[in-house]
$ cat target_33.csv   # CSV, C-alpha atoms
chain,number,residue,atom,x,y,z
A,1,MET,CA,154.9,97.4,182.8
A,2,LYS,CA,155.0,98.4,179.1
A,3,SER,CA,155.7,101.9,178.1
A,4,PRO,CA,152.3,103.6,177.3
A,5,ASP,CA,153.4,104.0,173.7
A,6,LEU,CA,153.7,100.2,173.5
A,7,VAL,CA,150.4,99.3,175.2
A,8,THR,CA,147.9,97.8,172.8
A,9,ILE,CA,144.1,97.3,172.8
A,10,ALA,CA,144.8,93.6,173.4
A,11,ASP,CA,146.7,94.4,176.6
A,12,VAL,CA,143.8,96.4,177.9
A,13,ALA,CA,141.3,93.6,177.0
A,14,ARG,CA,143.5,91.0,178.8
A,15,HIS,CA,143.9,93.1,182.0
A,16,ALA,CA,140.1,93.9,182.0
A,17,GLY,CA,139.2,90.3,181.4
A,18,VAL,CA,137.1,91.1,178.3
A,19,ALA,CA,137.3,90.6,174.6
A,20,VAL,CA,139.2,92.9,172.4
A,21,SER,CA,136.0,93.8,170.6
A,22,THR,CA,134.5,94.9,173.9
A,23,VAL,CA,137.3,97.4,174.4
A,24,SER,CA,136.8,98.6,170.8
A,25,TYR,CA,133.1,99.1,171.4
A,26,VAL,CA,133.8,101.1,174.6
A,27,LEU,CA,136.1,103.4,172.6
A,28,SER,CA,133.9,103.7,169.6
A,29,GLY,CA,130.5,103.8,171.2
A,30,LYS,CA,129.2,101.6,168.4
A,31,ARG,CA,127.4,99.2,170.7
A,32,VAL,CA,125.9,99.5,174.2
A,33,ILE,CA,128.2,98.1,176.8
A,34,SER,CA,127.0,97.6,180.4
A,35,GLU,CA,128.1,100.4,182.8
A,36,VAL,CA,130.0,97.9,185.0
A,37,THR,CA,132.1,96.6,182.0
A,38,ARG,CA,132.6,100.0,180.6
A,39,THR,CA,133.9,101.3,183.9
A,40,ARG,CA,136.3,98.4,184.2
A,41,VAL,CA,137.6,98.9,180.7
A,42,LEU,CA,138.2,102.6,181.2
A,43,ALA,CA,139.9,102.0,184.6
A,44,ASN,CA,142.3,99.6,182.9
A,45,ILE,CA,143.0,102.1,180.1
A,46,ARG,CA,144.0,104.6,182.8
A,47,VAL,CA,146.1,102.2,184.7
A,48,LEU,CA,148.0,101.0,181.7
A,49,GLY,CA,148.3,104.5,180.2
A,50,TYR,CA,146.8,103.3,176.9
A,51,HIS,CA,146.4,106.0,174.2
A,52,PRO,CA,144.0,105.1,171.4
A,53,ASN,CA,145.4,105.9,167.9
A,54,ALA,CA,144.0,108.7,165.8
A,55,GLY,CA,141.6,106.3,164.0
A,56,ALA,CA,140.2,105.1,167.3
A,57,ARG,CA,139.8,108.6,168.7
A,58,ALA,CA,138.0,109.6,165.5
A,59,LEU,CA,135.6,106.7,165.8
A,60,ALA,CA,134.9,107.5,169.5
A,61,SER,CA,134.2,111.2,168.9
A,62,ARG,CA,132.9,110.9,165.3
A,63,ARG,CA,135.6,113.5,164.5
A,64,ALA,CA,139.0,113.4,162.8
A,65,ASN,CA,140.5,116.1,165.1
A,66,VAL,CA,142.0,117.6,162.0
A,67,ILE,CA,141.2,120.8,160.2
A,68,ALA,CA,142.2,121.6,156.6
A,69,LEU,CA,144.0,124.9,155.8
A,70,VAL,CA,143.4,125.5,152.1
A,71,LEU,CA,146.2,127.8,151.1
A,72,PRO,CA,146.9,127.7,147.4
A,73,LEU,CA,150.4,129.0,146.7
A,74,ARG,CA,150.0,131.5,143.9
A,75,SER,CA,152.2,134.1,142.1
A,76,GLY,CA,152.6,137.4,143.9
A,77,MET,CA,151.9,136.0,147.4
A,78,GLN,CA,154.2,137.1,150.2
A,79,VAL,CA,155.2,133.7,151.6
A,80,PRO,CA,156.8,134.9,154.9
A,81,VAL,CA,153.5,136.7,155.7
A,82,VAL,CA,151.4,133.9,154.6
A,83,MET,CA,153.4,131.5,156.9
A,84,GLN,CA,152.7,133.8,159.8
A,85,PHE,CA,149.0,133.1,159.3
A,86,ALA,CA,149.6,129.4,158.8
A,87,MET,CA,151.8,129.1,162.0
A,88,SER,CA,149.1,130.9,164.0
A,89,VAL,CA,146.5,128.4,162.7
A,90,VAL,CA,148.7,125.4,163.5
A,91,THR,CA,149.6,126.5,167.1
A,92,THR,CA,146.0,127.6,167.9
A,93,ALA,CA,144.7,124.3,166.6
A,94,ARG,CA,147.0,122.4,168.9
A,95,THR,CA,145.5,124.1,171.9
A,96,VAL,CA,142.2,122.5,171.0
A,97,GLU,CA,143.8,119.1,170.2
A,98,HIS,CA,143.5,119.4,166.4
A,99,ASP,CA,146.1,118.9,163.8
A,100,VAL,CA,146.2,120.9,160.5
A,101,LEU,CA,146.2,119.4,157.0
A,102,LEU,CA,147.9,122.0,154.8
A,103,VAL,CA,146.5,122.0,151.2
A,104,THR,CA,148.7,124.1,148.9
A,105,SER,CA,147.7,123.0,145.4
A,106,ASP,CA,145.7,125.5,143.4
A,107,GLU,CA,142.8,123.2,142.4
A,108,GLY,CA,140.0,125.6,143.0
A,109,PRO,CA,136.6,123.9,143.7
A,110,ASP,CA,137.8,120.4,142.7
A,111,GLY,CA,140.5,120.4,145.4
A,112,LEU,CA,138.0,121.8,147.9
A,113,ARG,CA,135.5,119.1,147.0
A,114,ARG,CA,138.1,116.3,147.3
A,115,VAL,CA,139.1,117.4,150.8
A,116,ALA,CA,135.6,118.1,152.1
A,117,ALA,CA,134.3,114.7,150.8
A,118,SER,CA,136.8,112.7,152.8
A,119,ALA,CA,136.5,111.9,156.4
A,120,MET,CA,139.9,113.3,157.0
A,121,VAL,CA,138.9,116.7,158.4
A,122,ASP,CA,136.3,118.3,160.7
A,123,GLY,CA,136.3,121.7,159.0
A,124,LEU,CA,137.9,123.9,156.5
A,125,LEU,CA,139.9,127.2,156.7
A,126,LEU,CA,140.3,129.0,153.4
A,127,MET,CA,143.0,131.7,152.6
A,128,ASP,CA,143.8,133.9,149.6
A,129,VAL,CA,140.1,134.7,149.2
A,130,GLU,CA,139.2,136.5,146.0
A,131,LEU,CA,136.3,138.9,145.5
A,132,HIS,CA,134.6,136.5,143.1
A,133,ASP,CA,136.2,133.3,144.5
A,134,GLU,CA,135.1,130.3,142.5
A,135,ARG,CA,135.3,128.2,145.6
A,136,VAL,CA,132.5,130.1,147.4
A,137,PRO,CA,129.4,128.6,145.7
A,138,LEU,CA,130.7,125.1,146.4
A,139,LEU,CA,131.5,126.0,150.0
A,140,ARG,CA,127.8,127.0,150.5
A,141,GLU,CA,126.7,123.7,148.9
A,142,LEU,CA,128.9,121.5,151.0
A,143,GLY,CA,127.5,122.4,154.3
A,144,ARG,CA,130.8,121.5,156.0
A,145,PRO,CA,132.0,123.8,158.9
A,146,SER,CA,134.2,126.4,157.3
A,147,VAL,CA,135.8,129.8,157.9
A,148,LEU,CA,137.3,132.2,155.3
A,149,ILE,CA,140.4,134.3,156.2
A,150,GLY,CA,139.3,137.1,153.9
A,151,PHE,CA,136.1,138.3,152.4
A,152,PRO,CA,134.5,137.7,149.0
A,153,ALA,CA,132.3,140.4,147.4
A,154,ASP,CA,129.3,138.4,148.5
A,155,ALA,CA,129.8,136.9,152.0
A,156,SER,CA,126.2,135.9,152.6
A,157,GLY,CA,125.9,132.5,154.2
A,158,LEU,CA,129.6,132.4,155.1
A,159,THR,CA,131.8,132.9,158.1
A,160,CYS,CA,134.7,135.3,157.4
A,161,VAL,CA,137.4,137.0,159.5
A,162,ASP,CA,140.1,139.5,158.4
A,163,LEU,CA,141.6,142.8,159.1
A,164,ASP,CA,139.5,145.7,157.9
A,165,PHE,CA,141.7,146.5,155.0
A,166,HIS,CA,139.4,149.2,153.6
A,167,ARG,CA,139.8,151.1,156.9
A,168,ALA,CA,143.5,150.4,156.9
A,169,GLY,CA,143.9,152.2,153.6
A,170,GLN,CA,141.9,155.1,154.9
A,171,LEU,CA,144.1,155.4,158.0
A,172,CYS,CA,147.3,155.7,155.9
A,173,VAL,CA,145.9,158.5,153.9
A,174,GLU,CA,144.4,160.3,156.9
A,175,HIS,CA,147.8,160.1,158.6
A,176,LEU,CA,149.7,161.6,155.6
A,177,ALA,CA,147.0,164.2,155.0
A,178,GLY,CA,147.3,165.3,158.7
A,179,LEU,CA,151.0,165.9,158.1
A,180,GLY,CA,150.2,168.2,155.1
A,181,HIS,CA,150.9,165.8,152.3
A,182,ARG,CA,148.7,166.5,149.3
A,183,ARG,CA,150.0,164.0,146.7
A,184,VAL,CA,150.5,160.4,147.7
A,185,ALA,CA,150.9,157.0,146.0
A,186,LEU,CA,150.0,153.5,146.9
A,187,LEU,CA,152.6,150.9,145.9
A,188,GLY,CA,150.6,147.8,146.1
A,189,ALA,CA,150.9,144.1,145.6
A,190,PRO,CA,152.2,142.6,142.4
A,191,ALA,CA,149.8,142.9,139.4
A,192,ALA,CA,148.9,139.2,139.5
A,193,VAL,CA,147.3,139.7,143.0
A,194,TYR,CA,145.0,142.5,141.6
A,195,ASP,CA,144.3,140.6,138.4
A,196,ARG,CA,142.9,137.6,140.2
A,197,GLY,CA,140.8,139.9,142.4
A,198,THR,CA,142.4,139.1,145.8
A,199,GLY,CA,140.2,140.8,148.3
A,200,PHE,CA,142.6,142.4,150.7
A,201,ALA,CA,144.5,144.3,147.9
A,202,HIS,CA,141.4,145.7,146.3
A,203,ARG,CA,139.9,146.7,149.7
A,204,THR,CA,143.1,148.6,150.7
A,205,ARG,CA,143.1,150.4,147.3
A,206,ALA,CA,139.4,151.3,147.7
A,207,GLY,CA,140.1,152.7,151.2
A,208,VAL,CA,143.0,154.8,149.9
A,209,VAL,CA,141.0,156.2,147.0
A,210,ASP,CA,137.9,156.9,149.3
A,211,ALA,CA,140.0,158.8,151.9
A,212,ALA,CA,141.9,160.7,149.3
A,213,GLY,CA,138.7,162.0,147.7
A,214,ARG,CA,137.3,162.9,151.0
A,215,LEU,CA,140.4,164.8,152.2
A,216,GLY,CA,141.3,166.5,148.9
A,217,VAL,CA,144.5,164.5,148.4
A,218,ASP,CA,145.7,163.5,145.0
A,219,ALA,CA,146.3,159.7,145.1
A,220,VAL,CA,147.7,157.3,142.5
A,221,VAL,CA,147.7,153.5,142.8
A,222,ARG,CA,150.4,151.3,141.3
A,223,PRO,CA,150.9,147.5,141.5
A,224,CYS,CA,154.5,146.8,142.3
A,225,GLU,CA,156.5,143.7,141.4
A,226,GLU,CA,159.2,142.2,143.7
A,227,GLY,CA,162.8,143.1,143.6
A,228,THR,CA,164.9,146.2,143.8
A,229,ALA,CA,165.0,146.8,140.1
A,230,ALA,CA,161.2,146.7,139.8
A,231,VAL,CA,160.8,149.0,142.8
A,232,ARG,CA,163.3,151.4,141.3
A,233,ARG,CA,161.4,151.5,138.0
A,234,GLU,CA,158.1,152.3,139.7
A,235,LEU,CA,159.7,155.1,141.9
A,236,VAL,CA,161.4,156.7,138.9
A,237,SER,CA,158.2,156.6,136.9
A,238,LEU,CA,156.2,158.1,139.8
A,239,LEU,CA,158.6,160.9,140.6
A,240,GLU,CA,159.1,161.8,136.9
A,241,ARG,CA,155.4,162.2,136.5
A,242,TRP,CA,154.7,163.7,139.9
A,243,PRO,CA,157.8,165.5,141.2
A,244,ASP,CA,155.8,166.9,144.1
A,245,LEU,CA,154.9,163.4,145.4
A,246,SER,CA,155.7,163.4,149.1
A,247,GLY,CA,153.8,160.5,150.6
A,248,LEU,CA,154.1,156.7,149.8
A,249,ILE,CA,151.9,153.9,151.1
A,250,VAL,CA,153.4,150.5,150.6
A,251,GLN,CA,151.3,147.3,150.8
A,252,ASN,CA,154.0,144.9,149.6
A,253,GLU,CA,156.3,143.5,152.3
A,254,ALA,CA,158.9,142.5,149.7
A,255,ALA,CA,159.1,146.1,148.5
A,256,VAL,CA,159.5,147.8,151.9
A,257,GLY,CA,163.3,147.4,152.1
A,258,PRO,CA,163.9,148.4,148.5
A,259,VAL,CA,161.7,151.5,148.7
A,260,LEU,CA,163.6,152.8,151.7
A,261,ALA,CA,166.9,152.0,150.0
A,262,VAL,CA,166.1,153.4,146.6
A,263,LEU,CA,164.5,156.7,147.5
A,264,PRO,CA,167.8,158.3,148.8
A,265,THR,CA,169.5,157.3,145.6
A,266,LEU,CA,166.9,159.3,143.7
A,267,GLY,CA,167.6,162.3,145.9
A,268,ARG,CA,164.6,161.8,148.2
A,269,ARG,CA,165.3,161.4,151.9
A,270,VAL,CA,162.9,159.6,154.2
A,271,PRO,CA,161.1,161.2,155.9
A,272,GLU,CA,162.4,164.7,155.1
A,273,ASP,CA,161.4,164.6,151.4
A,274,VAL,CA,159.1,161.6,151.2
A,275,SER,CA,157.1,160.0,154.1
A,276,VAL,CA,156.5,156.3,153.9
A,277,VAL,CA,153.7,154.3,155.5
A,278,GLY,CA,153.5,150.5,155.4
A,279,VAL,CA,150.6,148.0,155.6
A,280,CYS,CA,152.5,145.0,156.9
A,281,PRO,CA,153.2,142.9,160.0
A,282,ASP,CA,155.1,144.7,162.8
A,283,GLN,CA,158.3,142.8,162.3
A,284,PHE,CA,158.8,144.3,158.8
A,285,ALA,CA,158.1,147.8,160.2
A,286,GLU,CA,160.4,147.4,163.2
A,287,GLN,CA,163.3,146.0,161.2
A,288,ALA,CA,163.2,148.6,158.5
A,289,GLY,CA,165.6,151.5,158.4
A,290,PRO,CA,164.2,154.0,159.2
A,291,ARG,CA,161.6,152.2,161.3
A,292,LEU,CA,158.4,152.3,159.4
A,293,THR,CA,155.2,154.0,160.4
A,294,SER,CA,152.6,151.3,159.7
A,295,VAL,CA,149.2,149.7,160.0
A,296,PRO,CA,150.0,146.2,161.3
A,297,VAL,CA,148.6,143.1,159.7
A,298,PRO,CA,147.8,141.0,162.8
A,299,ALA,CA,148.4,137.6,161.3
A,300,GLU,CA,148.6,135.8,164.7
A,301,GLU,CA,145.3,137.3,165.9
A,302,VAL,CA,143.5,136.6,162.6
A,303,GLY,CA,144.7,133.0,162.7
A,304,ARG,CA,143.5,132.6,166.4
A,305,GLN,CA,140.1,134.0,165.6
A,306,ALA,CA,139.7,131.8,162.5
A,307,VAL,CA,140.4,128.6,164.4
A,308,SER,CA,138.2,129.7,167.3
A,309,LEU,CA,135.3,130.4,164.9
A,310,LEU,CA,135.8,127.1,163.1
A,311,MET,CA,135.8,125.1,166.4
A,312,ARG,CA,132.5,126.8,167.4
A,313,ARG,CA,131.0,125.9,164.0
A,314,VAL,CA,132.2,122.3,164.4
A,315,GLN,CA,130.5,122.2,167.8
A,316,GLY,CA,127.3,123.5,166.2
A,317,GLU,CA,127.5,126.9,168.1
A,318,PRO,CA,126.3,130.1,166.5
A,319,VAL,CA,129.0,132.4,165.2
A,320,PRO,CA,129.0,135.9,163.7
A,321,ALA,CA,129.0,136.0,159.9
A,322,ALA,CA,131.6,138.7,159.7
A,323,THR,CA,134.6,139.4,162.0
A,324,LEU,CA,136.5,142.5,160.9
A,325,LEU,CA,139.5,143.5,163.1
A,326,ASP,CA,139.9,147.2,163.6
A,327,PRO,CA,143.2,148.5,162.2
A,328,THR,CA,145.5,150.8,164.1
A,329,LEU,CA,148.3,153.0,162.9
A,330,THR,CA,151.7,153.0,164.7
A,331,VAL,CA,153.8,156.2,164.1
A,332,ARG,CA,157.5,155.5,163.8
A,333,ASP,CA,160.4,157.3,162.1
A,334,SER,CA,159.4,157.2,158.4
A,335,THR,CA,156.8,159.9,158.4
A,336,ALA,CA,157.1,163.7,159.0
A,337,PRO,CA,155.3,166.9,158.0
A,338,ALA,CA,155.2,167.5,154.2
A,339,PRO,CA,158.2,169.5,152.8
A,340,ALA,CA,155.8,172.4,151.8
A,341,ARG,CA,154.5,172.6,155.4
A,342,ARG,CA,158.0,172.8,156.8
$ encode --input "target_33.csv" --output "structure tokens"
Amino acid sequence: MKSPDLVTIADVARHAGVAVSTVSYVLSGKRVISEVTRTRVLANIRVLGYHPNAGARALASRRANVIALVLPLRSGMQVPVVMQFAMSVVTTARTVEHDVLLVTSDEGPDGLRRVAASAMVDGLLLMDVELHDERVPLLRELGRPSVLIGFPADASGLTCVDLDFHRAGQLCVEHLAGLGHRRVALLGAPAAVYDRGTGFAHRTRAGVVDAAGRLGVDAVVRPCEEGTAAVRRELVSLLERWPDLSGLIVQNEAAVGPVLAVLPTLGRRVPEDVSVVGVCPDQFAEQAGPRLTSVPVPAEEVGRQAVSLLMRRVQGEPVPAATLLDPTLTVRDSTAPAPARR
């Protein structure tokens, strides 16, 4: 007997004693086939171990069994973190027998229209969502199943999932304020991320500012470029202007290591002189020295939830419009009571 990988539709037809077109109609459902013939064909498919190719499966189910992950690679993005989201989407999609088409070109609405107009995919997942994302109006018009990993300013009529970054920013300030810190700074993503209105960065910044105002903490927000030299420039500038700065919130995975390395060279020990909190995946926090107090970015969970929501939409099931994951703060070695309190 042939290997299942070598069995063809013609082999099935010969063993079942029917025409090749009959087997094709059984697989595609394009024509009504008598139950007796259909049963005989399916029995021979099982005996021979025949596996229809992707095109035949798509015809039979009216689906491509592929989802598109629209992830434009832009300046300022933290690729290692982005790939954690992407890997979660890919591995979760496989559990529901779907492949993932990764779309990385930054074509805006045109690229989205091109992918959605084809029969290649069953649904769309969008990442790097901006507050005023130019893809959103088209997404509403297309009527294709879609989920956004992130929130635009106006999320009406959309399905979105993400960490509650506004609350994450608040948690960082609340933790530092509870330790007696009264002047803190947020070292955020590179300027390009803020300039194009990326939602997670602006929401974290708003959470930091809101909590600081509520708790009587002085807070300053600075974008931070990648690299040790850029981090050093920012820290020198901050400490020259605010010598009593004792709390840092870092939302820039590439800056975590340099921040912890540069501060001691400027005469500031961590956490004795400056406490540092990160908004980043756990692996960055655990591998830092000292281990970083952090609000984890749950990339794996967000990816799982996004695929689950999209599959429900593909099936025509109702889904919540907004799914915000509650942030938590894990205390490690990089935070301590403020120097004045000690």
$ residues_around --input "target_33.csv" --residues "region 65-72 of chain A" --least-positions-apart "6" --cutoff "9 Å" --atoms "only C-alpha atoms" --output "PDB file with C-alpha atoms, in the frame of the given file"
ATOM      1  CA  ALA A  54     144.000 108.700 165.800  1.00  0.00           C
ATOM      2  CA  ARG A  57     139.800 108.600 168.700  1.00  0.00           C
ATOM      3  CA  ALA A  58     138.000 109.600 165.500  1.00  0.00           C
ATOM      4  CA  VAL A  82     151.400 133.900 154.600  1.00  0.00           C
ATOM      5  CA  ALA A  86     149.600 129.400 158.800  1.00  0.00           C
ATOM      6  CA  VAL A  89     146.500 128.400 162.700  1.00  0.00           C
ATOM      7  CA  ALA A  93     144.700 124.300 166.600  1.00  0.00           C
ATOM      8  CA  VAL A  96     142.200 122.500 171.000  1.00  0.00           C
ATOM      9  CA  GLU A  97     143.800 119.100 170.200  1.00  0.00           C
ATOM     10  CA  HIS A  98     143.500 119.400 166.400  1.00  0.00           C
ATOM     11  CA  ASP A  99     146.100 118.900 163.800  1.00  0.00           C
ATOM     12  CA  VAL A 100     146.200 120.900 160.500  1.00  0.00           C
ATOM     13  CA  LEU A 101     146.200 119.400 157.000  1.00  0.00           C
ATOM     14  CA  LEU A 102     147.900 122.000 154.800  1.00  0.00           C
ATOM     15  CA  VAL A 103     146.500 122.000 151.200  1.00  0.00           C
ATOM     16  CA  THR A 104     148.700 124.100 148.900  1.00  0.00           C
ATOM     17  CA  SER A 105     147.700 123.000 145.400  1.00  0.00           C
ATOM     18  CA  ASP A 106     145.700 125.500 143.400  1.00  0.00           C
ATOM     19  CA  GLU A 107     142.800 123.200 142.400  1.00  0.00           C
ATOM     20  CA  GLY A 108     140.000 125.600 143.000  1.00  0.00           C
ATOM     21  CA  GLY A 111     140.500 120.400 145.400  1.00  0.00           C
ATOM     22  CA  LEU A 112     138.000 121.800 147.900  1.00  0.00           C
ATOM     23  CA  VAL A 115     139.100 117.400 150.800  1.00  0.00           C
ATOM     24  CA  ALA A 116     135.600 118.100 152.100  1.00  0.00           C
ATOM     25  CA  MET A 120     139.900 113.300 157.000  1.00  0.00           C
ATOM     26  CA  VAL A 121     138.900 116.700 158.400  1.00  0.00           C
ATOM     27  CA  ASP A 122     136.300 118.300 160.700  1.00  0.00           C
ATOM     28  CA  GLY A 123     136.300 121.700 159.000  1.00  0.00           C
ATOM     29  CA  LEU A 124     137.900 123.900 156.500  1.00  0.00           C
ATOM     30  CA  LEU A 125     139.900 127.200 156.700  1.00  0.00           C
ATOM     31  CA  LEU A 126     140.300 129.000 153.400  1.00  0.00           C
ATOM     32  CA  MET A 127     143.000 131.700 152.600  1.00  0.00           C
ATOM     33  CA  ASP A 128     143.800 133.900 149.600  1.00  0.00           C
ATOM     34  CA  VAL A 307     140.400 128.600 164.400  1.00  0.00           C
ATOM     35  CA  LEU A 310     135.800 127.100 163.100  1.00  0.00           C
TER      36      LEU A 310
END
$ residues_near_point --input "target_33.csv" --point "(151.1, 151.8, 156.8)" --cutoff "7 Å" --atoms "all atoms listed in the file" --output "ChimeraX atom specification"
/A:172,249-250,277-280,293-295,329
$ closest_residue --input "target_33.csv" --among "A:Pro223, A:Gly49, A:Pro320, A:Gly289" --to "Leu158 (chain A)" --atoms "only C-alpha atoms"
A:Pro320
$ atom_distance --input "target_33.csv" --atom1 "CA of Gln78 (chain A)" --atom2 "CA of Asp162 (chain A)"
16.5 Å
$ atom_distance --input "target_33.csv" --atom1 "CA of Ala261 (chain A)" --atom2 "CA of Val331 (chain A)"
19.7 Å
$ atom_distance --input "target_33.csv" --atom1 "CA of Ala285 (chain A)" --atom2 "CA of Val193 (chain A)"
21.9 Å
$ closest_residue --input "target_33.csv" --among "A:Val41, A:Met311, A:Ala189, A:Val18" --to "Ser75 (chain A)" --atoms "all atoms listed in the file"
A:Ala189
$ residues_around --input "target_33.csv" --residues "Gly157 (chain A)" --least-positions-apart "5" --cutoff "12 Å" --atoms "all atoms listed in the file" --output "ChimeraX atom specification"
/A:136-143,145-148,151-152,319-322
$ closest_residue --input "target_33.csv" --among "A:Val20, A:Ala177, A:Val129, A:Val81" --to "Arg214 (chain A)" --atoms "all atoms listed in the file"
A:Ala177
$ residues_around --input "target_33.csv" --residues "Gly207 (chain A)" --least-positions-apart "5" --cutoff "8 Å" --atoms "only C-alpha atoms" --output "list in words"
Phe165, His166, Arg167, Ala168, Gly169 and Gln170 of chain A
$ write_last_selection --input "target_33.csv" --atoms "C-alpha atoms" --output "PDB file, in the coordinates of the input"
ATOM      1  CA  PHE A 165     141.700 146.500 155.000  1.00  0.00           C
ATOM      2  CA  HIS A 166     139.400 149.200 153.600  1.00  0.00           C
ATOM      3  CA  ARG A 167     139.800 151.100 156.900  1.00  0.00           C
ATOM      4  CA  ALA A 168     143.500 150.400 156.900  1.00  0.00           C
ATOM      5  CA  GLY A 169     143.900 152.200 153.600  1.00  0.00           C
ATOM      6  CA  GLN A 170     141.900 155.100 154.900  1.00  0.00           C
TER       7      GLN A 170
END
$ closest_residue --input "target_33.csv" --among "A:Val256, A:Leu325, A:Ala201, A:Leu266" --to "Glu240 (chain A)" --atoms "only C-alpha atoms"
A:Leu266
$ closest_residue --input "target_33.csv" --among "A:Ala19, A:Val161, A:Leu48, A:Ala43" --to "Val302 (chain A)" --atoms "all atoms listed in the file"
A:Val161
$ closest_residue --input "target_33.csv" --among "A:Tyr25, A:Arg144, A:Leu187, A:Pro80" --to "Gln315 (chain A)" --atoms "only C-alpha atoms"
A:Arg144
$ build_atoms --input "target_33.csv" --residues "region 10-22 of chain A" --atoms "N, CA, C and O atoms" --output "CSV table (one decimal), in the coordinates of the input"
chain,number,residue,atom,x,y,z
A,10,ALA,N,144.8,95.0,172.9
A,10,ALA,CA,144.8,93.6,173.4
A,10,ALA,C,145.3,93.5,174.8
A,10,ALA,O,144.7,92.8,175.7
A,11,ASP,N,146.3,94.4,175.2
A,11,ASP,CA,146.7,94.4,176.6
A,11,ASP,C,145.6,94.9,177.5
A,11,ASP,O,145.4,94.4,178.6
A,12,VAL,N,144.9,95.9,177.1
A,12,VAL,CA,143.8,96.4,177.9
A,12,VAL,C,142.7,95.3,178.0
A,12,VAL,O,142.2,95.1,179.2
A,13,ALA,N,142.4,94.6,177.0
A,13,ALA,CA,141.3,93.6,177.0
A,13,ALA,C,141.8,92.5,178.0
A,13,ALA,O,140.9,92.0,178.8
A,14,ARG,N,143.0,92.1,178.0
A,14,ARG,CA,143.5,91.0,178.8
A,14,ARG,C,143.4,91.4,180.3
A,14,ARG,O,143.0,90.7,181.2
A,15,HIS,N,143.9,92.7,180.6
A,15,HIS,CA,143.9,93.1,182.0
A,15,HIS,C,142.4,93.3,182.5
A,15,HIS,O,142.2,93.1,183.7
A,16,ALA,N,141.5,93.7,181.6
A,16,ALA,CA,140.1,93.9,182.0
A,16,ALA,C,139.3,92.6,182.0
A,16,ALA,O,138.2,92.6,182.5
A,17,GLY,N,139.9,91.6,181.4
A,17,GLY,CA,139.2,90.3,181.4
A,17,GLY,C,138.0,90.3,180.4
A,17,GLY,O,137.0,89.7,180.7
A,18,VAL,N,138.2,91.1,179.3
A,18,VAL,CA,137.1,91.1,178.3
A,18,VAL,C,137.7,90.9,176.9
A,18,VAL,O,138.9,90.8,176.8
A,19,ALA,N,136.8,90.8,176.0
A,19,ALA,CA,137.3,90.6,174.6
A,19,ALA,C,137.8,91.9,174.0
A,19,ALA,O,137.4,93.0,174.5
A,20,VAL,N,138.7,91.8,173.1
A,20,VAL,CA,139.2,92.9,172.4
A,20,VAL,C,138.1,93.8,171.7
A,20,VAL,O,138.1,95.0,171.8
A,21,SER,N,137.1,93.1,171.2
A,21,SER,CA,136.0,93.8,170.6
A,21,SER,C,135.2,94.6,171.6
A,21,SER,O,134.7,95.7,171.3
A,22,THR,N,135.2,94.2,172.9
A,22,THR,CA,134.5,94.9,173.9
A,22,THR,C,135.2,96.2,174.1
A,22,THR,O,134.6,97.3,174.3
